[in-house]
file query28.cif (mmCIF, C-alpha atoms)
data_upload
loop_
_atom_site.label_atom_id
_atom_site.label_comp_id
_atom_site.auth_asym_id
_atom_site.auth_seq_id
_atom_site.Cartn_x
_atom_site.Cartn_y
_atom_site.Cartn_z
CA MET A 1 -195.97 129.92 -68.29
CA SER A 2 -192.76 129.14 -66.54
CA ARG A 3 -191.26 125.61 -66.80
CA LEU A 4 -191.15 123.65 -63.55
CA ALA A 5 -187.67 122.58 -62.56
CA HIS A 6 -187.01 118.86 -62.20
CA PRO A 7 -186.07 117.82 -58.62
CA SER A 8 -182.75 116.50 -59.82
CA GLU A 9 -181.86 119.91 -61.23
CA HIS A 10 -182.15 121.61 -57.87
CA PRO A 11 -178.71 122.29 -56.24
CA ALA A 12 -179.80 120.98 -52.86
CA ALA A 13 -181.13 117.77 -54.41
CA ASN A 14 -177.85 117.21 -56.28
CA LEU A 15 -175.84 117.69 -53.06
CA ARG A 16 -177.98 115.17 -51.18
CA ALA A 17 -177.64 112.67 -54.01
CA ARG A 18 -173.84 112.97 -53.93
CA ASN A 19 -173.66 112.46 -50.17
CA ARG A 20 -176.03 109.47 -50.21
CA PRO A 21 -174.15 106.12 -49.69
CA ALA A 22 -174.11 103.78 -52.62
CA PRO A 23 -176.52 100.85 -52.35
CA ASN A 24 -175.03 97.48 -51.55
CA ARG A 25 -174.95 95.50 -54.75
CA PRO A 26 -175.39 91.71 -54.41
CA ALA A 27 -172.21 89.80 -55.12
CA PRO A 28 -172.31 87.30 -57.97
CA ASN A 29 -173.11 83.77 -56.99
CA ARG A 30 -169.82 81.87 -56.61
CA PRO A 31 -169.43 78.32 -55.34
CA ALA A 32 -168.27 78.36 -51.75
CA PRO A 33 -165.10 76.37 -51.02
CA ASN A 34 -165.70 72.99 -49.53
CA GLU A 35 -164.34 73.01 -46.00
CA SER A 36 -164.68 69.25 -45.49
CA ASP A 37 -161.64 68.42 -47.60
CA GLY A 38 -159.36 70.72 -45.64
CA PHE A 39 -158.92 73.41 -48.31
CA SER A 40 -160.15 76.93 -47.67
CA ALA A 41 -159.19 78.43 -51.01
CA GLN A 42 -160.67 77.68 -54.42
CA ARG A 43 -158.61 75.68 -56.86
CA THR A 44 -156.96 77.59 -59.61
CA PRO A 45 -157.45 76.52 -63.21
CA GLU A 46 -153.78 75.47 -63.35
CA SER A 47 -154.33 72.80 -60.69
CA ALA A 48 -157.18 71.30 -62.70
CA LEU A 49 -155.09 70.83 -65.82
CA SER A 50 -154.69 67.23 -66.86
CA GLY A 51 -151.24 65.70 -66.69
CA PRO A 52 -149.16 63.33 -64.60
CA LYS A 53 -148.49 64.55 -61.10
CA PRO A 54 -144.94 64.41 -59.67
CA GLU A 55 -146.10 61.83 -57.11
CA LYS A 56 -147.46 59.55 -59.85
CA LEU A 57 -144.26 59.87 -61.87
CA ARG A 58 -142.26 59.04 -58.75
CA ARG A 59 -144.40 55.93 -58.13
CA ILE A 60 -143.98 54.79 -61.74
CA GLY A 61 -140.21 55.20 -61.53
CA SER A 62 -140.03 53.35 -58.23
CA GLY A 63 -142.07 50.47 -59.69
CA ARG A 64 -139.61 49.97 -62.55
CA ARG A 65 -136.54 49.85 -60.34
CA PRO A 66 -137.24 46.41 -58.78
CA ALA A 67 -137.82 44.87 -62.22
CA VAL A 68 -134.56 46.28 -63.54
CA GLY A 69 -132.73 45.11 -60.41
CA LEU A 70 -134.14 41.57 -60.71
CA LEU A 71 -133.19 41.37 -64.37
CA ALA A 72 -129.64 42.53 -63.65
CA ALA A 73 -129.35 40.05 -60.76
CA ALA A 74 -130.54 37.18 -63.00
CA VAL A 75 -127.99 38.04 -65.68
CA LEU A 76 -125.25 38.28 -63.07
CA LEU A 77 -126.27 34.91 -61.59
CA VAL A 78 -126.00 33.20 -64.99
CA LEU A 79 -122.53 34.69 -65.52
CA VAL A 80 -121.41 33.52 -62.07
CA ILE A 81 -122.67 29.97 -62.74
CA ILE A 82 -120.77 29.83 -66.03
CA ALA A 83 -117.63 31.13 -64.35
CA SER A 84 -117.97 28.53 -61.58
CA LEU A 85 -118.12 25.73 -64.16
CA VAL A 86 -115.27 27.00 -66.32
CA VAL A 87 -112.79 28.51 -63.84
CA GLY A 88 -110.88 26.21 -61.47
CA ALA A 89 -107.51 24.79 -60.53
CA ARG A 90 -107.52 22.70 -63.71
CA ASP A 91 -107.78 24.43 -67.08
CA VAL A 92 -110.84 23.01 -68.83
CA PRO A 93 -111.90 24.44 -72.19
CA PHE A 94 -115.39 25.88 -72.49
CA GLY A 95 -116.30 23.32 -75.17
CA THR A 96 -115.40 20.48 -72.81
CA VAL A 97 -117.69 21.99 -70.16
CA LEU A 98 -120.56 22.05 -72.67
CA ASP A 99 -119.84 18.44 -73.65
CA ALA A 100 -119.87 17.43 -69.98
CA LEU A 101 -123.27 19.06 -69.52
CA PHE A 102 -125.01 17.83 -72.66
CA ARG A 103 -122.91 14.85 -73.85
CA PRO A 104 -121.13 13.42 -70.81
CA ASP A 105 -118.37 10.89 -71.36
CA PRO A 106 -116.90 9.25 -68.22
CA ALA A 107 -113.74 8.36 -70.14
CA VAL A 108 -112.70 12.03 -70.46
CA THR A 109 -110.88 13.29 -67.37
CA ASP A 110 -111.82 16.94 -67.86
CA GLN A 111 -115.49 16.05 -68.03
CA LEU A 112 -115.17 14.09 -64.79
CA VAL A 113 -113.72 17.19 -63.14
CA VAL A 114 -116.74 19.19 -64.27
CA LEU A 115 -119.30 16.53 -63.31
CA ASP A 116 -117.84 15.39 -60.00
CA LEU A 117 -116.35 18.64 -58.66
CA ARG A 118 -117.53 21.82 -60.31
CA ILE A 119 -121.24 21.06 -60.70
CA PRO A 120 -121.62 20.03 -57.01
CA ARG A 121 -119.63 23.08 -56.02
CA THR A 122 -121.93 25.33 -58.04
CA VAL A 123 -125.11 23.74 -56.65
CA VAL A 124 -123.88 24.06 -53.06
CA GLY A 125 -122.99 27.71 -53.67
CA LEU A 126 -126.46 28.43 -55.08
CA LEU A 127 -128.19 26.78 -52.14
CA ALA A 128 -126.00 28.60 -49.63
CA GLY A 129 -126.66 31.94 -51.32
CA LEU A 130 -130.39 31.23 -51.40
CA ALA A 131 -130.40 30.39 -47.70
CA LEU A 132 -128.40 33.49 -46.79
CA GLY A 133 -130.63 35.74 -48.89
CA LEU A 134 -133.79 34.32 -47.35
CA ALA A 135 -132.38 34.63 -43.84
CA GLY A 136 -131.34 38.22 -44.48
CA ALA A 137 -134.76 39.15 -45.89
CA LEU A 138 -136.54 37.64 -42.88
CA MET A 139 -134.17 39.31 -40.44
CA GLN A 140 -134.55 42.72 -42.07
CA GLY A 141 -138.33 42.31 -42.21
CA VAL A 142 -138.68 41.28 -38.57
CA THR A 143 -136.43 44.03 -37.27
CA ARG A 144 -137.64 46.58 -39.87
CA ASN A 145 -134.03 47.52 -40.39
CA PRO A 146 -132.47 47.34 -43.89
CA LEU A 147 -129.02 47.06 -42.28
CA ALA A 148 -129.86 44.14 -39.97
CA ASP A 149 -127.25 41.38 -39.64
CA PRO A 150 -127.06 38.10 -37.68
CA GLY A 151 -125.39 39.90 -34.77
CA LEU A 152 -128.52 41.99 -34.25
CA LEU A 153 -130.52 38.93 -33.17
CA GLY A 154 -127.64 37.33 -31.31
CA VAL A 155 -127.10 34.51 -33.82
CA ASN A 156 -123.30 34.72 -33.75
CA ALA A 157 -123.15 35.10 -29.98
CA GLY A 158 -125.48 32.16 -29.35
CA ALA A 159 -123.56 29.89 -31.74
CA SER A 160 -120.23 30.80 -30.12
CA LEU A 161 -121.62 30.26 -26.62
CA PHE A 162 -122.92 26.77 -27.40
CA VAL A 163 -119.71 25.75 -29.17
CA VAL A 164 -117.66 26.80 -26.16
CA ALA A 165 -120.10 25.00 -23.85
CA GLY A 166 -119.85 21.86 -26.00
CA ILE A 167 -116.07 21.91 -25.82
CA ALA A 168 -115.86 22.67 -22.08
CA VAL A 169 -118.76 20.60 -20.77
CA PHE A 170 -119.27 17.76 -23.25
CA GLY A 171 -115.72 17.49 -24.57
CA VAL A 172 -116.65 17.87 -28.24
CA THR A 173 -113.58 17.84 -30.48
CA SER A 174 -114.92 17.07 -33.99
CA ALA A 175 -115.97 19.64 -36.57
CA LEU A 176 -119.35 17.95 -37.01
CA GLY A 177 -120.04 18.38 -33.30
CA TYR A 178 -119.14 22.07 -33.50
CA VAL A 179 -121.62 22.53 -36.36
CA TRP A 180 -124.55 21.04 -34.46
CA PHE A 181 -123.80 22.94 -31.27
CA ALA A 182 -123.46 26.18 -33.24
CA PHE A 183 -126.76 25.53 -35.02
CA VAL A 184 -128.64 24.90 -31.79
CA GLY A 185 -127.06 27.93 -30.09
CA ALA A 186 -127.94 30.25 -32.96
CA ALA A 187 -131.54 29.02 -33.00
CA VAL A 188 -131.94 29.41 -29.24
CA ALA A 189 -130.45 32.91 -29.17
CA ALA A 190 -132.53 34.14 -32.13
CA SER A 191 -135.70 32.69 -30.58
CA VAL A 192 -135.06 34.34 -27.21
CA VAL A 193 -134.39 37.74 -28.81
CA TYR A 194 -137.50 37.42 -31.01
CA ILE A 195 -139.72 36.53 -28.06
CA ILE A 196 -138.41 39.45 -26.02
CA GLY A 197 -138.94 41.79 -28.97
CA SER A 198 -142.50 40.56 -29.50
CA LEU A 199 -143.42 41.54 -25.95
CA GLY A 200 -143.21 45.22 -26.89
CA ARG A 201 -146.08 47.50 -27.78
CA GLY A 202 -145.92 47.04 -31.53
CA GLY A 203 -144.98 43.37 -31.40
CA ALA A 204 -142.74 41.64 -33.91
CA THR A 205 -143.97 40.89 -37.40
CA PRO A 206 -142.10 40.17 -40.66
CA SER A 207 -143.47 43.26 -42.33
CA SER A 208 -141.73 46.53 -43.12
CA SER A 209 -144.96 48.55 -42.92
CA PRO A 210 -146.18 49.96 -39.59
CA SER A 211 -149.20 48.53 -37.87
CA PRO A 212 -152.63 50.05 -38.68
CA ALA A 213 -152.87 51.53 -35.19
CA ARG A 214 -149.74 53.59 -35.75
CA ARG A 215 -150.68 54.91 -39.16
CA SER A 216 -151.61 58.56 -39.21
CA PRO A 217 -154.92 59.33 -40.98
CA ARG A 218 -154.55 61.02 -44.33
CA ARG A 219 -157.11 63.19 -45.99
CA SER A 220 -157.59 62.58 -49.65
CA PRO A 221 -158.43 65.77 -51.59
CA ARG A 222 -161.69 65.53 -53.47
#
call {"tool": "encode", "arguments": {"input": "query28.cif", "output": "C-alpha cells"}}
result
Amino acid sequence: MSRLAHPSEHPAANLRARNRPAPNRPAPNRPAPNESDGFSAQRTPESALSGPKPEKLRRIGSGRRPAVGLLAAAVLLVLVIIASLVVGARDVPFGTVLDALFRPDPAVTDQLVVLDLRIPRTVVGLLAGLALGLAGALMQGVTRNPLADPGLLGVNAGASLFVVAGIAVFGVTSALGYVWFAFVGAAVAASVVYIIGSLGRGGATPSSSPSPARRSPRRSPR
C-alpha cells in the first residue's frame, strides 16, 4: 500500500507557501508618547538619570553671588569707616582714635579732632552714600535699566534750570538758595518725566520684571 504524500511535500504546495505574504504580527505594546507636553519622542533612559541639571546648578550659583557681594561690601564699608576716622590732615594715632570712641577725654586735642570733625564727617558720608544708593536703585528699577543715571530722568537738567531761574528772576545769590531751587527743580523734572513715562502701554513700576501680560507662556515638561 503506497504512502500518501503530505500536502506540504508537494512541489506546488511548497511554491505557494513561499510566495504567500507573511502575516502581520502585532507590535508589542509600548506606551505612546504624550503629546500634551509638547514632546513627540520618548525619553531616553539617560534623561531620566538622577542628578543636578545645568539650569539648577546655574540657579544655585547665581543665588550665592549676592550673598558674597553683600559680605564683601560690608567688609569694605568697615574698612572705609576706619580709614575715615584715622586718616586726615592731622596725624592721630589709632590708639587715640579708639580712646576717643570708648574713653573720650575733652582735654586731649587729638580726641577732640576725632569727636568734633571726623565722626560727623563719617556719618554725613554714610548718609550721603545711603541716599545715593537708594536713589540709584529706585531709578534703575523704574526705568528697568541697570545703567540709569540722574540725567535719564532729567534730574540734572531740572536742577540747573531752576537755579538759573532763581538767579535771573528772583535774584538769588546765596548758596543755600541755590540748594533749594536745585532741589525743587530736580523733583519737578523727575516727576514730569515719570508721569509721561507712566502714560505708555506698560506703565512705570519700580520692578525689573515684565508685567504678567507681556510674559510668554512656558510649558513645563511633565
call {"tool": "residues_around", "arguments": {"input": "query28.cif", "residues": "range 105-110 of chain A", "least_positions_apart": "5", "cutoff": "8 Å", "atoms": "only C-alpha atoms", "output": "PyMOL selection string"}}
result
chain A and resi 92+96+100
call {"tool": "residues_around", "arguments": {"input": "query28.cif", "residues": "Arg103 in chain A", "least_positions_apart": "6", "cutoff": "12 Å", "atoms": "only C-alpha atoms", "output": "number ranges by chain"}}
result
A: 95-97, 111-112, 115
call {"tool": "atom_distance", "arguments": {"input": "query28.cif", "atom1": "CA of Val113 in chain A", "atom2": "CA of Gly129 in chain A"}}
result
22.9 Å
call {"tool": "atom_distance", "arguments": {"input": "query28.cif", "atom1": "CA of Ala137 in chain A", "atom2": "CA of Gly158 in chain A"}}
result
20.2 Å
call {"tool": "residues_around", "arguments": {"input": "query28.cif", "residues": "range 176-189 of chain A", "least_positions_apart": "2", "cutoff": "8 Å", "atoms": "only C-alpha atoms", "output": "PDB file with C-alpha atoms, keeping the file's coordinate frame"}}
result
ATOM      1  CA  LEU A 153    -130.520  38.930 -33.170  1.00  0.00           C
ATOM      2  CA  GLY A 154    -127.640  37.330 -31.310  1.00  0.00           C
ATOM      3  CA  VAL A 155    -127.100  34.510 -33.820  1.00  0.00           C
ATOM      4  CA  ASN A 156    -123.300  34.720 -33.750  1.00  0.00           C
ATOM      5  CA  ALA A 157    -123.150  35.100 -29.980  1.00  0.00           C
ATOM      6  CA  GLY A 158    -125.480  32.160 -29.350  1.00  0.00           C
ATOM      7  CA  ALA A 159    -123.560  29.890 -31.740  1.00  0.00           C
ATOM      8  CA  SER A 160    -120.230  30.800 -30.120  1.00  0.00           C
ATOM      9  CA  LEU A 161    -121.620  30.260 -26.620  1.00  0.00           C
ATOM     10  CA  PHE A 162    -122.920  26.770 -27.400  1.00  0.00           C
ATOM     11  CA  VAL A 163    -119.710  25.750 -29.170  1.00  0.00           C
ATOM     12  CA  GLY A 166    -119.850  21.860 -26.000  1.00  0.00           C
ATOM     13  CA  VAL A 172    -116.650  17.870 -28.240  1.00  0.00           C
ATOM     14  CA  THR A 173    -113.580  17.840 -30.480  1.00  0.00           C
ATOM     15  CA  SER A 174    -114.920  17.070 -33.990  1.00  0.00           C
ATOM     16  CA  SER A 191    -135.700  32.690 -30.580  1.00  0.00           C
ATOM     17  CA  VAL A 192    -135.060  34.340 -27.210  1.00  0.00           C
ATOM     18  CA  VAL A 193    -134.390  37.740 -28.810  1.00  0.00           C
TER      19      VAL A 193
END
call {"tool": "atom_distance", "arguments": {"input": "query28.cif", "atom1": "CA of Leu101 in chain A", "atom2": "CA of Val114 in chain A"}}
result
8.4 Å
call {"tool": "residues_around", "arguments": {"input": "query28.cif", "residues": "Ile81 in chain A", "least_positions_apart": "4", "cutoff": "10 Å", "atoms": "all atoms listed in the file", "output": "ChimeraX atom specification"}}
result
/A:76-77,85-86,118-119,122-123,125-126
